[in-house]
2 protein chains.
Amino acid sequence: MSDRKFSVIGTDQVRKEAPDKARGEAIYADDIRLPRMLHGRIKRSDYAHARIISIDTSAAEALPGVKAVVVGSEAPQKYGIVPQAPTETAMAIDKVRYHGEPVAAVAATDPDIAEKALDLIEVEYEPLPVYVNTHDAIAEGAVALHEDNKYGNIAYQARQEFGEVDKAFEESHLVIEKTYKTSYVNHVFMEPHSAVARFDDNGDLRMWSSTQVPHYLHTMLSKVMDMPMAKIHVTVPNVGGGFGGKGEASNNELIAALLSRKARRPVKVIYSRREVFLQHRGRHPIEMKVKMGVDKEGYITAIDYDGLMDGGAYGAWGIIILFYTAAMLHLPYKVKNVRFFGRRIYTNKPTCGPMRGLGGVQPRFALESMMDELAIKLGMSPYELKLKNAIDKKHVTVSGVHVRHSEYKKCLEEVVSESGYLDKHGKLPFGKGVGLAGGYYISGTAYTLYMSYKPHSTALIRLDSESGVTLQCGATDIGQGSNMVLAMMCAEKLGLPYESIHVISGDTKNAPFDLGSFASRVTVAAGSAVCEAADKLIEQILPIAGVALGCRADQLAVGNGEIYSIYEKEIRMPFWDAVEKYIAAHGPLSATGSYTPPRRTGDFKGGNVGHSPTYGFTAHVAEVDVDTETGEVKVVNYNEAGDCGQPINPLSVEGQVEGSIVMAMGQALYEEIKMTPDGRLMNPNLHDYKVPTMRDIPNIKTLAVESYDEDSPFGAKEAGEGPIQPTIPAILNAIYDAIGVRFTEMPVTPEKVLAALAAKGQE
Amino acid sequence: MSDRKFSVIGTDQVRKEAPDKARGEAIYADDIRLPRMLHGRIKRSDYAHARIISIDTSAAEALPGVKAVVVGSEAPQKYGIVPQAPTETAMAIDKVRYHGEPVAAVAATDPDIAEKALDLIEVEYEPLPVYVNTHDAIAEGAVALHEDNKYGNIAYQARQEFGEVDKAFEESHLVIEKTYKTSYVNHVFMEPHSAVARFDDNGDLRMWSSTQVPHYLHTMLSKVMDMPMAKIHVTVPNVGGGFGGKGEASNNELIAALLSRKARRPVKVIYSRREVFLQHRGRHPIEMKVKMGVDKEGYITAIDYDGLMDGGAYGAWGIIILFYTAAMLHLPYKVKNVRFFGRRIYTNKPTCGPMRGLGGVQPRFALESMMDELAIKLGMSPYELKLKNAIDKKHVTVSGVHVRHSEYKKCLEEVVSESGYLDKHGKLPFGKGVGLAGGYYISGTAYTLYMSYKPHSTALIRLDSESGVTLQCGATDIGQGSNMVLAMMCAEKLGLPYESIHVISGDTKNAPFDLGSFASRVTVAAGSAVCEAADKLIEQILPIAGVALGCRADQLAVGNGEIYSIYEKEIRMPFWDAVEKYIAAHGPLSATGSYTPPRRTGDFKGGNVGHSPTYGFTAHVAEVDVDTETGEVKVVNYNEAGDCGQPINPLSVEGQVEGSIVMAMGQALYEEIKMTPDGRLMNPNLHDYKVPTMRDIPNIKTLAVESYDEDSPFGAKEAGEGPIQPTIPAILNAIYDAIGVRFTEMPVTPEKVLAALAAKGQE
């Protein structure tokens, strides 16, 4: 790897837009103010499960300042991120399925008038039984939330089996079986969903929205609004975080569009924090019955998983997450016998969906906890057990997942060495402990959410000797810094500084196609498209420089703003002079690139959903201090070692890893959405729903292990979702090491710790 | 021509953005509101000519809410549209040269605070003699406005002579010589100059401005701000008219940038109507001594022109207009002997510049009046004389101007026939009359305002099967409808409807290079680039369709949203299906095009400035009613016949022609900026400066003569500047026909008419 020399890649770069954000000058969707713009507000259901008997909007319509009122029946088209299985409408039509579901909406000249109009809308309901847990929802005789669903309140279920699971358990040295429960948590991104819609008199719809997926929003707007896609233009301004929660159309977007079409004026619909919790799409609580066996030496013999996912009211990303969970069950370990059974259940709650690390966080919590327990039972260091089972540099899973590049073992080795895990584990005083866990994640998927053979990402680069480099790429910067990553790749290829690349992204008309920002796909997919486009540009420029320099084009290279001979130092010219010569002779200089991931066929039907071009790996050691008086768990030190291939911007990778750790720490220790039995949210605000603050953040040390994936653009892999996987089990394993209690439910609150310590005392 | 069949070209299309403008939803620069944006205001000189002794801004800086104050010395770089001859600075430094010239500027959190701060700025002046007319300015001993100018207050002068002028006059049958004076008029576009500047922490400048020329503004910002061009990004929102007045950087743009850099916040600087009159760049008043001879049959023998242009305080477009005037002197007639002498003079007035039809309006006023007079003296119909002298379909002038396509004769024939001119001229009762005049204009120039070999216009078209057609073209829509024209051309080429083309224009980073909107260049130049890009796209798509259809690509054509065999009707497929197939196999589908006009070398030095790829022609008949009681001239009927090649959008051509006629009518009859002897504007507002209103507009009939320029995109030529040339002489010729008085000065106000009638009565 030492022969690779980069100028831009691998350097710490501050994002160009960072100062704007710090100064408050960056434009988010809510900063968009259009002439004649109205403010939309949403009338929400007072019942968690009920039939709608009637909606009377006449008094609201009569209120001065109200310009449009819409109800569900005006947009009957069902939509969903998976087009084969749409379950939602823009607003409820005959039935509400969660408390706070949209039933009508108002656009008015002033937000206060819109709020007042909501009070004037009369909705008559006929209440139905409310199910706030999965067992009630699938009990005999339960009323189906979706009457057209064949399996009552089981939205989907899937079974997969590889190897001979039962036989392997029989032959195991040690088997444990436990039930784990994960909590109902929200992403808590800073910026609530915000959308502005504007119809013009040509019937064209322009939408600005805080979405991660302008393309999918585009398709869903087309469906719900019953309009051709070419008449819709989606633009994504700065986004204040998504983490999956802005990974499909949200009601505010569809409602803004409907109100705008009816009022014939621009309409803005932004959510309050409570509405963000109602839109939700947070992590699925899963009740996981897991069985794992090992042989005498600690090699895993088999895994049997039975997961009951609480999906909330609608389908959303549910089926995808179910399949991701299946595919991600056993990696990053070599396991030959695996059984998966998963069900996703409809309940009368805000809908769960994709959240950072989706598919992996819950099973990793269970499996990394179990491996810790098994190792200790075998009298072995959990590190030794994990290292033994860890996959090698190349691996094909029993389910047919191809991992072509892994440094997971190196991650384990380095995090253990850096953290002093071996000196501490089992050796710290009571109340103090360390825990180890590992994880991994995909770098995008091989398949789109619907069948299509078009490229997943595309890019267009244009060079102008005066205006510089314009990189147009549909990839969407949601605060994760993808514009920076793509600009750095473009700069490296062209031998120019990062700052000089002007990026146009996240726009369905002003930038070329991209699937969006999810599944950690952008660096590899959009990065590949950018690299291809840049390579094509170089191919066009070098011959021009060759003519100017009297030199063969294939002996020239770009770098430091110049084109130079790789053999003779004095043969060189400014890069932009060559561009100018090109343009004078040939016209505009531009090139496009695209990326379609390789589609490896697995050995089993339908399992392809888990395939990714490449995978990132990570290993964590958490060190905790448990206050046995108060029950408070304090994470004091935290070490991570990650294999994200070649870090494009190490500073940014560090930020992604730290963010992942803090986010998962919140879920391990503090966060949980609470509900009343009749389905009302008890804590949909940041006062009552506790997220970690600056004071809670441990001393985090991250370390990028030496890694380079030859098949990826600049050797890079994902870095923003893998690192959320091991945090919860690392902390819970550390708590066990500290106080000898194994928690199988999140969050581990002081109350639970005190109760467990009390119970332990009575043993 | 009958074998040409178009689907989109030649159809009446309503511009896509028209309803937005009517509803008030279109975004102009003043509609841009950025977070933390400040409001900039300009401190202006109280003297028309004075030395600045000192400027004290301390009290202004101390005012709460004031965030930045700038003075001229902070931006000493001179700029100008002609980079070889810059004369202006962003604000005056040592000297002010007109009353109201910017001397300092303030950015504050509120416009009122900014205004108050202006009052607190103390400027000490040492007054100098004020010259508000050209003769005073060039009199012996006059103080030079620009001390570094070699020729006192003569900014530039030029002499050209072709043929044997004196000899031709000697041999003439009839010679007349007269002095004509044109008035000091402003464009009076609806939208005052508006600019918003924002510096980010990378030192990059973003500017939104109501400019016609983002490229030239870009170059001038780079110079004044002393920044590389690549760090500047100029965007043009909707523009409420320019007519030349927004054809170079204006003080508000430069001041907004300076204030933003200093305050580190976005700054908006918009002009009041008074400030628009101070920025000015309106039409040069010219005192023209003109001599013209004819032979017995009415053929023009020679023209001798001596013009004294009142340029106001700065250089601006002056030298260009001087040369345009020289080049445009004799066309659209065949004249073998021509002498031109022109001087542009500095005076203590707001600077004159490019205004619709620049270079042609003043000489046409003189020459078309003289030809009318000569014809009548010869006892010949002015129509006969003009037709005799009119150029043929192809013509090279004695000065080397190549006209490769003209239907001027047809224009004369058709307007005379349509208007019934021959039945009316000389035959209407006293007080009623008709007047005929002709004109022409360039369709862009062959040369840029500075030496460059890069294309003048470029375009990039991208096709996506979902999002449709995106056309990126730097050409700037200033309300003239260029986006529509380019979209129509693109649509015609691709066989798609006009509405489906999404245009990104007027932006130095988001669209490829274009020189800007001036000199009626866009339809031909940018249109050619668009057509080339579209042709290249078709070349890429047809082979794909050929594969799908089992047919040779060269037997396929596009139309009606399909690709079809030109031989077999049943062989066809949807256009977008072929695009989709292309993208799946090859990645993004895009193509670029560009245009560099042919550069014909004239026979004389420096005359190239007048060369254009092609020329539009037009002939007018005005019919007036002169109220001999009140002196009021009412234009009652108005006929125009124009050769603009193939009209792209006839409705739009009609609008351009009507707009030109009404604008010129204002100058003929009402408009004039008045000044006090010490250089203050007396009527810089739309109450005292009279422009025509709806009630003044005559019954206008326009007619596009059959025409097609084989060398132009879709046969099109200019239509927006030629039609302003003949209106003034047509009206003045009609007044002569009505009351027997020849006016040689504009505007022909009721007072002047009454005075002339009284003088006539005394004859």
# chains A, B, ... in the order shown; residues from 1 in each chain; ligands from 1
$ residues_around --residues "Thr351 (chain A)" --least-positions-apart "4" --cutoff "12 Å" --atoms "only C-alpha atoms" --output "PyMOL selection string"
chain A and resi 87-88+97-101+132+184-186+245+250+276-285+309-318+344-347+355
$ interface_residues --of "chain B" --to "chain A" --cutoff "8 Å" --atoms "only C-alpha atoms" --output "PyMOL selection string"
chain B and resi 16+19-20+24-27+31+33-36+200-202+229-233+453-455+458-459+462+464+466-468+470+499-500+502+504+508-510+512-513+580+583-585+587-588+590+592-595
$ atom_distance --atom1 "CA of Glu74 (chain A)" --atom2 "CA of Asp507 (chain A)"
27.6 Å
$ residues_around --residues "region 325-341 of chain A" --least-positions-apart "4" --cutoff "9 Å" --atoms "only C-alpha atoms" --output "PyMOL selection string"
chain A and resi 157-166+168+299-308+320-321+358-364+367+386-392+395-399+401+408+438-441+607-611+617
$ atom_distance --atom1 "CA of Val239 (chain A)" --atom2 "CA of Val485 (chain A)"
16.3 Å
$ atom_distance --atom1 "CA of Arg599 (chain A)" --atom2 "CA of Val403 (chain A)"
12.9 Å
$ closest_residue --among "A:Thr89, A:Asn238, A:Ser652, A:Thr211" --to "Gln13 (chain A)" --atoms "only C-alpha atoms"
A:Ser652
$ residues_around --residues "Gly141 (chain B)" --least-positions-apart "5" --cutoff "12 Å" --atoms "only C-alpha atoms" --output "list in words"
Pro129, His135, Asp136, Gly152 and Asn153 of chain B
$ select_by_dssp --residues "region 112-245 of chain B" --states "strand (DSSP E or B)" --output "PyMOL selection string"
chain B and resi 122-127+154-162+174-181+185+194-199+205-209+232-235+238
$ write_last_selection --atoms "N, CA and C atoms" --output "tab-separated table (two decimals), in the first residue's frame"
chain	number	residue	atom	x	y	z
B	122	GLU	N	-19.62	61.90	6.52
B	122	GLU	CA	-19.26	63.28	6.15
B	122	GLU	C	-18.27	63.24	4.99
B	123	VAL	N	-18.64	63.88	3.90
B	123	VAL	CA	-17.71	63.95	2.76
B	123	VAL	C	-17.42	65.42	2.48
B	124	GLU	N	-16.12	65.73	2.38
B	124	GLU	CA	-15.74	67.11	2.04
B	124	GLU	C	-15.32	67.15	0.58
B	125	TYR	N	-15.87	68.09	-0.16
B	125	TYR	CA	-15.60	68.18	-1.60
B	125	TYR	C	-14.94	69.52	-1.94
B	126	GLU	N	-14.22	69.52	-3.04
B	126	GLU	CA	-13.75	70.77	-3.65
B	126	GLU	C	-14.37	70.82	-5.05
B	127	PRO	N	-15.35	71.67	-5.22
B	127	PRO	CA	-16.10	71.66	-6.50
B	127	PRO	C	-15.24	72.01	-7.70
B	154	ILE	N	-12.54	64.25	-24.75
B	154	ILE	CA	-12.93	63.36	-25.86
B	154	ILE	C	-12.49	61.94	-25.44
B	155	ALA	N	-13.48	61.14	-25.14
B	155	ALA	CA	-13.17	59.78	-24.68
B	155	ALA	C	-12.57	58.97	-25.81
B	156	TYR	N	-13.23	58.98	-26.95
B	156	TYR	CA	-12.72	58.28	-28.14
B	156	TYR	C	-13.18	59.05	-29.36
B	157	GLN	N	-12.46	58.91	-30.44
B	157	GLN	CA	-12.98	59.41	-31.71
B	157	GLN	C	-12.54	58.47	-32.81
B	158	ALA	N	-13.33	58.45	-33.88
B	158	ALA	CA	-13.04	57.53	-34.98
B	158	ALA	C	-13.43	58.17	-36.30
B	159	ARG	N	-12.64	57.90	-37.29
B	159	ARG	CA	-12.90	58.38	-38.64
B	159	ARG	C	-12.84	57.19	-39.58
B	160	GLN	N	-13.76	57.12	-40.50
B	160	GLN	CA	-13.72	56.07	-41.52
B	160	GLN	C	-14.19	56.70	-42.82
B	161	GLU	N	-13.58	56.31	-43.91
B	161	GLU	CA	-14.08	56.79	-45.20
B	161	GLU	C	-13.97	55.69	-46.23
B	162	PHE	N	-15.03	55.49	-46.96
B	162	PHE	CA	-15.06	54.47	-48.02
B	162	PHE	C	-15.56	55.14	-49.29
B	174	LEU	N	-28.91	66.15	-56.03
B	174	LEU	CA	-29.51	66.86	-54.89
B	174	LEU	C	-28.74	66.46	-53.63
B	175	VAL	N	-28.40	67.45	-52.82
B	175	VAL	CA	-27.70	67.17	-51.56
B	175	VAL	C	-28.39	67.95	-50.45
B	176	ILE	N	-28.64	67.30	-49.33
B	176	ILE	CA	-29.08	68.09	-48.17
B	176	ILE	C	-28.19	67.79	-46.98
B	177	GLU	N	-28.11	68.78	-46.11
B	177	GLU	CA	-27.26	68.66	-44.92
B	177	GLU	C	-28.04	69.22	-43.75
B	178	LYS	N	-28.08	68.49	-42.68
B	178	LYS	CA	-28.87	68.91	-41.52
B	178	LYS	C	-28.23	68.42	-40.24
B	179	THR	N	-28.65	69.04	-39.16
B	179	THR	CA	-28.20	68.57	-37.85
B	179	THR	C	-29.39	67.99	-37.09
B	180	TYR	N	-29.17	66.81	-36.57
B	180	TYR	CA	-30.21	66.10	-35.81
B	180	TYR	C	-29.74	65.90	-34.39
B	181	LYS	N	-30.67	65.99	-33.46
B	181	LYS	CA	-30.29	65.76	-32.07
B	181	LYS	C	-31.20	64.72	-31.43
B	185	VAL	N	-32.21	59.45	-22.92
B	185	VAL	CA	-33.31	58.62	-22.43
B	185	VAL	C	-32.81	57.36	-21.72
B	194	SER	N	-30.79	44.82	-8.89
B	194	SER	CA	-30.86	44.17	-7.59
B	194	SER	C	-29.76	43.12	-7.50
B	195	ALA	N	-29.06	43.14	-6.41
B	195	ALA	CA	-27.99	42.15	-6.24
B	195	ALA	C	-27.91	41.69	-4.79
B	196	VAL	N	-27.61	40.42	-4.64
B	196	VAL	CA	-27.33	39.86	-3.32
B	196	VAL	C	-25.96	39.19	-3.40
B	197	ALA	N	-25.09	39.52	-2.47
B	197	ALA	CA	-23.75	38.92	-2.45
B	197	ALA	C	-23.56	38.16	-1.16
B	198	ARG	N	-22.88	37.04	-1.26
B	198	ARG	CA	-22.57	36.28	-0.05
B	198	ARG	C	-21.17	35.68	-0.15
B	199	PHE	N	-20.35	36.04	0.79
B	199	PHE	CA	-19.03	35.42	0.91
B	199	PHE	C	-19.12	34.30	1.91
B	205	LEU	N	-17.24	33.75	-3.39
B	205	LEU	CA	-18.31	34.74	-3.52
B	205	LEU	C	-19.43	34.18	-4.37
B	206	ARG	N	-20.63	34.22	-3.80
B	206	ARG	CA	-21.83	33.87	-4.57
B	206	ARG	C	-22.57	35.16	-4.80
B	207	MET	N	-22.99	35.37	-6.04
B	207	MET	CA	-23.78	36.57	-6.32
B	207	MET	C	-25.01	36.23	-7.14
B	208	TRP	N	-26.13	36.76	-6.67
B	208	TRP	CA	-27.36	36.70	-7.44
B	208	TRP	C	-27.63	38.12	-7.92
B	209	SER	N	-27.81	38.27	-9.21
B	209	SER	CA	-28.03	39.64	-9.67
B	209	SER	C	-28.87	39.69	-10.93
B	232	ILE	N	-15.70	32.68	-7.83
B	232	ILE	CA	-16.90	33.52	-7.92
B	232	ILE	C	-17.98	32.77	-8.68
B	233	HIS	N	-19.18	32.85	-8.20
B	233	HIS	CA	-20.31	32.14	-8.81
B	233	HIS	C	-21.46	33.13	-8.95
B	234	VAL	N	-21.79	33.43	-10.19
B	234	VAL	CA	-22.85	34.40	-10.47
B	234	VAL	C	-24.10	33.67	-10.96
B	235	THR	N	-25.21	33.99	-10.34
B	235	THR	CA	-26.49	33.39	-10.73
B	235	THR	C	-27.47	34.50	-11.06
B	238	ASN	N	-34.86	35.44	-12.17
B	238	ASN	CA	-35.67	36.14	-13.16
B	238	ASN	C	-35.23	37.59	-13.22
$ closest_residue --among "A:Glu654, A:Asp711, A:Asp12, A:Glu368" --to "Pro598 (chain A)" --atoms "only C-alpha atoms"
A:Asp711
$ select_by_dssp --residues "region 3-178 of chain B" --states "alpha helix (DSSP H)" --output "PyMOL selection string"
chain B and resi 18-23+58-62+111-120+134-137+165-170
$ residues_around --residues "Leu128 (chain B)" --least-positions-apart "4" --cutoff "8 Å" --atoms "only C-alpha atoms" --output "PDB file with C-alpha atoms, in the first residue's frame"
ATOM      1  CA  HIS B  49     -17.828  67.361 -10.526  1.00  0.00           C
ATOM      2  CA  ALA B  50     -15.598  67.749  -7.502  1.00  0.00           C
ATOM      3  CA  ARG B  51     -12.514  66.512  -5.786  1.00  0.00           C
ATOM      4  CA  VAL B 143     -11.128  70.547 -16.958  1.00  0.00           C
TER       5      VAL B 143
END
$ residues_around --residues "Glu413 (chain B)" --least-positions-apart "2" --cutoff "10 Å" --atoms "only C-alpha atoms" --output "mmCIF file with N, CA and C atoms, in the first residue's frame"
data_model
loop_
_atom_site.group_PDB
_atom_site.id
_atom_site.type_symbol
_atom_site.label_atom_id
_atom_site.label_comp_id
_atom_site.auth_asym_id
_atom_site.auth_seq_id
_atom_site.Cartn_x
_atom_site.Cartn_y
_atom_site.Cartn_z
ATOM 1 N N TYR B 383 -41.271 55.664 -50.539
ATOM 2 C CA TYR B 383 -41.220 54.202 -50.703
ATOM 3 C C TYR B 383 -40.371 53.835 -51.909
ATOM 4 N N GLU B 384 -40.614 54.494 -53.003
ATOM 5 C CA GLU B 384 -39.873 54.194 -54.230
ATOM 6 C C GLU B 384 -38.375 54.409 -54.020
ATOM 7 N N LEU B 387 -36.984 51.664 -51.690
ATOM 8 C CA LEU B 387 -36.937 50.363 -52.359
ATOM 9 C C LEU B 387 -35.793 50.304 -53.370
ATOM 10 N N TYR B 408 -35.102 42.539 -46.915
ATOM 11 C CA TYR B 408 -35.523 43.906 -46.603
ATOM 12 C C TYR B 408 -36.503 44.454 -47.634
ATOM 13 N N LYS B 409 -36.229 44.170 -48.899
ATOM 14 C CA LYS B 409 -37.144 44.675 -49.939
ATOM 15 C C LYS B 409 -38.558 44.159 -49.718
ATOM 16 N N LYS B 410 -38.631 42.882 -49.373
ATOM 17 C CA LYS B 410 -39.935 42.286 -49.094
ATOM 18 C C LYS B 410 -40.607 42.996 -47.910
ATOM 19 N N CYS B 411 -39.817 43.365 -46.921
ATOM 20 C CA CYS B 411 -40.378 44.091 -45.768
ATOM 21 C C CYS B 411 -41.006 45.401 -46.235
ATOM 22 N N VAL B 415 -45.022 46.049 -45.929
ATOM 23 C CA VAL B 415 -45.549 47.029 -44.980
ATOM 24 C C VAL B 415 -46.303 48.129 -45.726
ATOM 25 N N VAL B 416 -45.805 48.465 -46.895
ATOM 26 C CA VAL B 416 -46.479 49.504 -47.692
ATOM 27 C C VAL B 416 -47.832 48.999 -48.166
ATOM 28 N N SER B 417 -47.855 47.755 -48.587
ATOM 29 C CA SER B 417 -49.111 47.168 -49.044
ATOM 30 C C SER B 417 -50.120 47.022 -47.900
ATOM 31 N N GLU B 418 -49.664 46.492 -46.779
ATOM 32 C CA GLU B 418 -50.548 46.265 -45.613
ATOM 33 C C GLU B 418 -51.128 47.561 -45.061
ATOM 34 N N ALA B 619 -39.419 47.036 -41.709
ATOM 35 C CA ALA B 619 -39.898 48.299 -42.281
ATOM 36 C C ALA B 619 -41.201 48.677 -41.590
ATOM 37 N N ALA B 641 -43.485 45.232 -40.980
ATOM 38 C CA ALA B 641 -43.211 43.959 -41.658
ATOM 39 C C ALA B 641 -41.750 43.646 -41.402
ATOM 40 N N VAL B 705 -42.396 38.524 -42.632
ATOM 41 C CA VAL B 705 -42.305 38.147 -44.050
ATOM 42 C C VAL B 705 -41.678 36.757 -44.158
#
$ residues_around --residues "Lys690 (chain A)" --least-positions-apart "2" --cutoff "9 Å" --atoms "only C-alpha atoms" --output "ChimeraX atom specification"
/A:666,670-672,685-688,692-693
$ write_last_selection --atoms "N, CA and C atoms" --output "tab-separated table (two decimals), in the first residue's frame"
chain	number	residue	atom	x	y	z
A	666	GLY	N	-26.86	6.08	23.42
A	666	GLY	CA	-28.18	6.57	23.83
A	666	GLY	C	-29.18	5.44	23.89
A	670	TYR	N	-30.25	5.17	27.55
A	670	TYR	CA	-31.23	6.20	27.89
A	670	TYR	C	-32.54	6.16	27.11
A	671	GLU	N	-32.47	5.87	25.83
A	671	GLU	CA	-33.59	6.21	24.95
A	671	GLU	C	-34.67	5.15	24.88
A	672	GLU	N	-35.91	5.60	24.89
A	672	GLU	CA	-37.04	4.71	24.69
A	672	GLU	C	-38.31	5.54	24.53
A	685	ASN	N	-40.79	14.44	22.84
A	685	ASN	CA	-40.10	15.74	22.87
A	685	ASN	C	-38.73	15.50	23.49
A	686	LEU	N	-37.84	16.44	23.30
A	686	LEU	CA	-36.46	16.21	23.73
A	686	LEU	C	-36.23	16.55	25.20
A	687	HIS	N	-37.32	16.89	25.89
A	687	HIS	CA	-37.21	17.02	27.34
A	687	HIS	C	-37.40	15.64	27.99
A	688	ASP	N	-38.38	14.93	27.52
A	688	ASP	CA	-38.71	13.65	28.15
A	688	ASP	C	-38.05	12.45	27.48
A	692	PRO	N	-28.13	11.29	24.61
A	692	PRO	CA	-26.87	11.69	25.26
A	692	PRO	C	-26.56	13.15	24.94
A	693	THR	N	-26.01	13.83	25.90
A	693	THR	CA	-25.55	15.20	25.66
A	693	THR	C	-24.03	15.19	25.74
